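Chemist: Here it is, the structure in full.
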Amino acid sequence: MSPAPTEKPLLATVLGKVQDRPPMWIMRQAGRYLPEYREVRAKVGDFLDLCYSPRLATEVTLQPLRRFDLDAAILFSDILVVPDALGQKVRFETGEGPVLEPLQPDGLGALQPEKALERLAPVLETVTRVKSALAPEKTLIGFCGSPWTVATYMIGGRGSPDQAAARLFALREPEAFAALVDVLVDTSIAYLAAQFRAGADVVQLFESWALNLDDIAFVERVIEPNRRIVEGLRRLLPDAPVIGFPRGAAGMIGKYAEMTGVNAVGLDYAVPLQFAAGTLPPTLGLQGNLDPLRLVAGGPQMEDRARAIVSAFRGRPHIFNLGHGIVPETPIAHVERLVEVVKGG
Ligand code: 1CP
């Protein structure tokens, strides 16, 4: 008889297993709060060069797991490698975030979906390298941005507090917007399937800008494209485990989970614990949802809230995480303490 495969507790939780202590990872766990990340980052010029270097991207993917007892590695890359691979050049300006040449309604023809996977080959090689370096009980998380979130950057040309450019584009140019979403859905399906084939155990759809949408727009721009990605992915890889993170979905989160078919949902920190525990289906995996600023401040307020989160979701599949990305000013000692609290009590 062949030996039982080593169980990956975090993957098992995504698939519905209830654990005594929640497995955990930290959103944006490889990044600027780590001195060893900043050291690697200083050696490369453009941020995208780091994403497209399998050797360096593998190194920074593994860095947080060397320091902390986390249950998963998340591929080091960015959601904006997809527009870049489609041929819409992306630059990262220091202190300013991403900058793209804003997409015009007549500019869709210039996108090159047929070239995207080839250009993403270095990222897929990173997945393979990380997989072979990772202990068997660790879960490897792949990801992409969801179509609406990626479209907000492609249309607006940068991050914005209200995504007004993309919201207006979707309303004024519905056909061009639908064509853009089609390109992003198809590219994301192929890209995520390739990540699974390269070694990812689970993928997360980052819908970081599921905010500022009325309920009609939420269904059309968030639920429907995410649903199509999950469906398309499972046509290629039945049972592919997917975590959806519709940040800001608020009262629509249950509908999002039900209609997209994701295995688990990431909760942002504004989702009330009792609302999530009381209204979301008991078999649905929940991930989250400590406010990243509680981790910056540390101390009893952080520890009490972390325990309250663990306790609210006890008895159901729960992955402990932050409710959004860790911020650069987070003290490492606070992360160490958080891991102790979640894992030990
Ligand atoms: O110079 C640098 O080091 C740039 C900082 C940085 C890093 C470390 C950016 C620029 N991206 C990343 C890595 C990254 N981005 C990862 C892998 C690291 C990990 O998780 O361990 C992941 C999963 C992302 C995903 C990502 N990129 C999202 C979704 C998650 C979220 O925070 O909501 C989004 C919205 C982006 C866009 C992006 N990339 C970088 C920045 C500063 C931004 C946000 C831009 C904005 O303010 O709108």
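Each chain of the structure tokens is named A, B, ... in the order shown, its residues numbered from 1; ligands are numbered from 1 in display order.
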With ligand 1 as the partner and 9 Å as the cut-off, tabulate the residues of chain A that qualify, each row holding the nearest pair of atoms and their distance in Å to one decimal, using only C-alpha atoms and all ligand atoms, sorted by chain and rising number, as a tab-separated table.

Modeler:
residue	atom	partner	partner_atom_place_in_ligand_line	distance
A:Ile26	CA	ligand 1	20 (O)	7.5
A:Met27	CA	ligand 1	20 (O)	5.3
A:Arg28	CA	ligand 1	20 (O)	2.9
A:Gln29	CA	ligand 1	21 (O)	3.9
A:Ala30	CA	ligand 1	21 (O)	3.5
A:Gly31	CA	ligand 1	8 (C)	4.2
A:Arg32	CA	ligand 1	3 (O)	5.8
A:Tyr37	CA	ligand 1	3 (O)	8.0
A:Arg38	CA	ligand 1	3 (O)	7.3
A:Arg41	CA	ligand 1	3 (O)	6.3
A:Ala42	CA	ligand 1	1 (O)	8.8
A:Asp46	CA	ligand 1	1 (O)	7.8
A:Phe47	CA	ligand 1	1 (O)	5.3
A:Leu48	CA	ligand 1	4 (C)	8.8
A:Leu50	CA	ligand 1	3 (O)	8.8
A:Cys51	CA	ligand 1	13 (C)	8.2
A:Val60	CA	ligand 1	21 (O)	8.1
A:Thr61	CA	ligand 1	21 (O)	6.4
A:Pro64	CA	ligand 1	21 (O)	8.1
A:Ala73	CA	ligand 1	21 (O)	7.6
A:Ile74	CA	ligand 1	21 (O)	5.5
A:Leu75	CA	ligand 1	17 (C)	6.2
A:Phe76	CA	ligand 1	17 (C)	4.2
A:Ser77	CA	ligand 1	17 (C)	4.9
A:Asp78	CA	ligand 1	15 (N)	4.1
A:Ile79	CA	ligand 1	27 (N)	4.8
A:Leu80	CA	ligand 1	37 (C)	6.3
A:Phe92	CA	ligand 1	10 (C)	7.0
A:Glu93	CA	ligand 1	1 (O)	8.2
A:Thr94	CA	ligand 1	1 (O)	6.6
A:Gly95	CA	ligand 1	1 (O)	8.1
A:Glu96	CA	ligand 1	42 (C)	7.4
A:Gly97	CA	ligand 1	42 (C)	4.4
A:Pro98	CA	ligand 1	45 (C)	5.9
A:Gly142	CA	ligand 1	23 (C)	8.4
A:Phe143	CA	ligand 1	23 (C)	6.8
A:Cys144	CA	ligand 1	25 (C)	7.7
A:Gly145	CA	ligand 1	29 (C)	6.5
A:Thr149	CA	ligand 1	35 (C)	7.2
A:Val150	CA	ligand 1	35 (C)	8.0
A:Tyr153	CA	ligand 1	48 (O)	7.6
A:Arg158	CA	ligand 1	48 (O)	6.5
A:Gly159	CA	ligand 1	48 (O)	3.4
A:Ser160	CA	ligand 1	48 (O)	6.1
A:Pro161	CA	ligand 1	48 (O)	8.0
A:Gln204	CA	ligand 1	23 (C)	8.7
A:Leu205	CA	ligand 1	29 (C)	8.7
A:Phe206	CA	ligand 1	29 (C)	5.2
A:Glu207	CA	ligand 1	29 (C)	7.1
A:Ser208	CA	ligand 1	33 (O)	4.4
A:Trp209	CA	ligand 1	33 (O)	7.5
A:Phe245	CA	ligand 1	33 (O)	8.9
A:Arg247	CA	ligand 1	33 (O)	7.6
A:His324	CA	ligand 1	32 (O)	6.2
A:Gly325	CA	ligand 1	32 (O)	4.9
A:Ile326	CA	ligand 1	32 (O)	8.3

Chemist: When you look at Ala164 in chain A with a cut-off of 12 Å (counting only C-alpha atoms), what residues show up, excluding the ones that are within fewer than 6 positions of it in the same chain? I need them as a ChimeraX atom specification.

Modeler: /A:151-153,155-158,170-172,209,211-213

Chemist: Please list as an mmCIF file with N, CA, C and O atoms, in the first residue's frame every residue within 12 Å of Ala217 in chain A, counting only C-alpha atoms and excluding residues in the same chain fewer than 4 positions away.

Modeler:
data_model
loop_
_atom_site.group_PDB
_atom_site.id
_atom_site.type_symbol
_atom_site.label_atom_id
_atom_site.label_comp_id
_atom_site.auth_asym_id
_atom_site.auth_seq_id
_atom_site.Cartn_x
_atom_site.Cartn_y
_atom_site.Cartn_z
ATOM 1 N N TRP A 148 -13.171 42.474 -12.640
ATOM 2 C CA TRP A 148 -13.551 43.855 -12.327
ATOM 3 C C TRP A 148 -12.368 44.613 -11.715
ATOM 4 O O TRP A 148 -12.042 45.729 -12.113
ATOM 5 N N ALA A 166 -13.566 53.424 -14.183
ATOM 6 C CA ALA A 166 -14.062 52.116 -14.641
ATOM 7 C C ALA A 166 -15.582 52.026 -14.489
ATOM 8 O O ALA A 166 -16.266 51.434 -15.339
ATOM 9 N N ARG A 167 -16.118 52.640 -13.433
ATOM 10 C CA ARG A 167 -17.580 52.578 -13.249
ATOM 11 C C ARG A 167 -18.285 53.320 -14.380
ATOM 12 O O ARG A 167 -19.310 52.862 -14.890
ATOM 13 N N LEU A 168 -17.735 54.460 -14.775
ATOM 14 C CA LEU A 168 -18.349 55.202 -15.878
ATOM 15 C C LEU A 168 -18.181 54.471 -17.210
ATOM 16 O O LEU A 168 -19.102 54.401 -18.015
ATOM 17 N N ALA A 170 -17.951 51.289 -17.713
ATOM 18 C CA ALA A 170 -18.870 50.144 -17.767
ATOM 19 C C ALA A 170 -20.290 50.597 -18.120
ATOM 20 O O ALA A 170 -21.025 49.880 -18.807
ATOM 21 N N LEU A 171 -20.667 51.807 -17.663
ATOM 22 C CA LEU A 171 -22.030 52.293 -17.921
ATOM 23 C C LEU A 171 -22.161 52.932 -19.302
ATOM 24 O O LEU A 171 -23.179 52.766 -19.978
ATOM 25 N N PRO A 174 -21.000 49.797 -22.565
ATOM 26 C CA PRO A 174 -21.235 48.434 -22.077
ATOM 27 C C PRO A 174 -20.661 47.337 -22.975
ATOM 28 O O PRO A 174 -20.205 46.309 -22.476
ATOM 29 N N ALA A 210 -14.393 45.194 -4.884
ATOM 30 C CA ALA A 210 -15.822 44.851 -4.955
ATOM 31 C C ALA A 210 -16.627 45.886 -4.170
ATOM 32 O O ALA A 210 -17.671 45.588 -3.607
ATOM 33 N N LEU A 211 -16.113 47.098 -4.112
ATOM 34 C CA LEU A 211 -16.733 48.187 -3.350
ATOM 35 C C LEU A 211 -17.485 49.108 -4.299
ATOM 36 O O LEU A 211 -17.311 49.030 -5.510
ATOM 37 N N ASN A 212 -18.221 50.009 -3.751
ATOM 38 C CA ASN A 212 -18.764 51.130 -4.545
ATOM 39 C C ASN A 212 -19.636 50.690 -5.715
ATOM 40 O O ASN A 212 -19.687 51.372 -6.735
ATOM 41 N N LEU A 213 -20.255 49.517 -5.602
ATOM 42 C CA LEU A 213 -21.105 49.040 -6.697
ATOM 43 C C LEU A 213 -22.519 48.857 -6.169
ATOM 44 O O LEU A 213 -22.712 48.337 -5.068
ATOM 45 N N ARG A 221 -20.747 42.693 -12.548
ATOM 46 C CA ARG A 221 -19.294 42.909 -12.687
ATOM 47 C C ARG A 221 -18.480 42.050 -11.739
ATOM 48 O O ARG A 221 -17.303 41.795 -12.016
ATOM 49 N N VAL A 222 -19.063 41.668 -10.608
ATOM 50 C CA VAL A 222 -18.301 40.858 -9.650
ATOM 51 C C VAL A 222 -18.758 39.399 -9.724
ATOM 52 O O VAL A 222 -17.982 38.509 -10.072
ATOM 53 N N ILE A 223 -20.020 39.148 -9.409
ATOM 54 C CA ILE A 223 -20.451 37.745 -9.299
ATOM 55 C C ILE A 223 -20.297 37.013 -10.620
ATOM 56 O O ILE A 223 -19.693 35.939 -10.688
ATOM 57 N N GLU A 224 -20.833 37.572 -11.686
ATOM 58 C CA GLU A 224 -20.893 36.844 -12.951
ATOM 59 C C GLU A 224 -19.490 36.502 -13.502
ATOM 60 O O GLU A 224 -19.228 35.332 -13.806
ATOM 61 N N PRO A 225 -18.558 37.447 -13.594
ATOM 62 C CA PRO A 225 -17.218 37.073 -14.080
ATOM 63 C C PRO A 225 -16.495 36.086 -13.149
ATOM 64 O O PRO A 225 -15.806 35.178 -13.623
ATOM 65 N N ALA A 249 -17.757 43.400 -0.221
ATOM 66 C CA ALA A 249 -19.032 42.843 -0.712
ATOM 67 C C ALA A 249 -20.167 43.020 0.293
ATOM 68 O O ALA A 249 -21.340 42.999 -0.079
ATOM 69 N N MET A 252 -23.693 41.396 0.225
ATOM 70 C CA MET A 252 -23.765 40.558 -0.978
ATOM 71 C C MET A 252 -22.866 39.327 -0.871
ATOM 72 O O MET A 252 -22.804 38.522 -1.811
#

Chemist: Counting only C-alpha atoms, which of A:Leu56, A:Ala198, A:Leu322, A:Val123 gets nearest to Val339 in chain A?

Modeler: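 Closest to Val339 in chain A, using only C-alpha atoms: A:Leu322.
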
Chemist: Determine, using only C-alpha atoms, which residues of range 65-100 of chain A have any atom at most 10 Å from an atom of range 9-12 of chain A, and tabulate each with its shortest atom pair and distance in Å to one decimal place, rows ordered by chain and then rising number, as a tab-separated table.

Modeler:
residue	atom	partner	partner_atom	distance
A:Leu70	CA	A:Leu10	CA	9.6
A:Asp71	CA	A:Leu10	CA	6.1
A:Ala72	CA	A:Leu10	CA	6.9

Chemist: Go ahead and write the residues just picked, N, CA, C and O atoms, as a PDB file, in the first residue's frame.

Modeler:
ATOM      1  N   LEU A  70       3.567  29.527   9.326  1.00  0.00           N
ATOM      2  CA  LEU A  70       2.377  29.713   8.500  1.00  0.00           C
ATOM      3  C   LEU A  70       2.081  28.421   7.740  1.00  0.00           C
ATOM      4  O   LEU A  70       2.986  27.623   7.495  1.00  0.00           O
ATOM      5  N   ASP A  71       0.832  28.230   7.360  1.00  0.00           N
ATOM      6  CA  ASP A  71       0.432  26.969   6.713  1.00  0.00           C
ATOM      7  C   ASP A  71       0.436  27.043   5.202  1.00  0.00           C
ATOM      8  O   ASP A  71       0.169  26.036   4.545  1.00  0.00           O
ATOM      9  N   ALA A  72       0.692  28.224   4.651  1.00  0.00           N
ATOM     10  CA  ALA A  72       0.678  28.342   3.191  1.00  0.00           C
ATOM     11  C   ALA A  72       1.702  29.356   2.716  1.00  0.00           C
ATOM     12  O   ALA A  72       2.027  30.321   3.414  1.00  0.00           O
TER      13      ALA A  72
END

Chemist: Please identify the strand (DSSP E) residues within range 1-220 of chain A (assignment by DSSP from backbone atoms) and present them as a ChimeraX atom specification.

Modeler: /A:72-74,90-93,97-100,139-145,202-207

Chemist: Counting only C-alpha atoms, figure out which residue out of A:Val242, A:Leu108, A:Met24, A:Val130 gets nearest to Gly288 in chain A.

Modeler: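 Nearest candidate to Gly288 in chain A out of A:Val242, A:Leu108, A:Met24, A:Val130: A:Met24.
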
Chemist: Using only C-alpha atoms, find the one residue out of A:Leu338, A:Val18, A:Leu103, A:Ile243 that sits nearest to Thr260 in chain A.

Modeler: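 Closest to Thr260 in chain A, using only C-alpha atoms: A:Ile243.
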
Chemist: May I ask for the distance between CA of Leu140 in chain A and CA of Arg197 in chain A, given in Å to one decimal place?

Modeler: 12.1 Å

Chemist: Please, what distance in Å, to one decimal, runs between CA of Lys343 in chain A and CA of Asp69 in chain A?

Modeler: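 The value is 8.7 Å.
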
Chemist: Can you tell me, as a list of chain:residue names, what residues are no more than 8 Å from Lys8 in chain A when counting only C-alpha atoms, ignoring any on the same chain fewer than 5 positions away?

Modeler: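 Close residues of Lys8 in chain A: A:Asp71, A:Pro136, A:Glu137, A:Lys138, A:Thr139.
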
Chemist: So the first atom is CA of Met302 in chain A and the second is CA of Leu15 in chain A; what is the distance between them in Å, to one decimal place?

Modeler: 28.3 Å

Chemist: For Leu111 in chain A, work out the shell of residues within 8 Å, counting only C-alpha atoms and skipping chain neighbours fewer than 6 positions away, then give it as a ChimeraX atom specification.

Modeler: /A:86-88

Chemist: For the structure I just gave you, how does DSSP split range 98-262 of chain A - specifically, which residues are helix (DSSP H, G or I)? Reply as a ChimeraX atom specification.

Modeler: /A:105-110,113-119,121-133,147-156,164-172,174-198,215-236,250-260
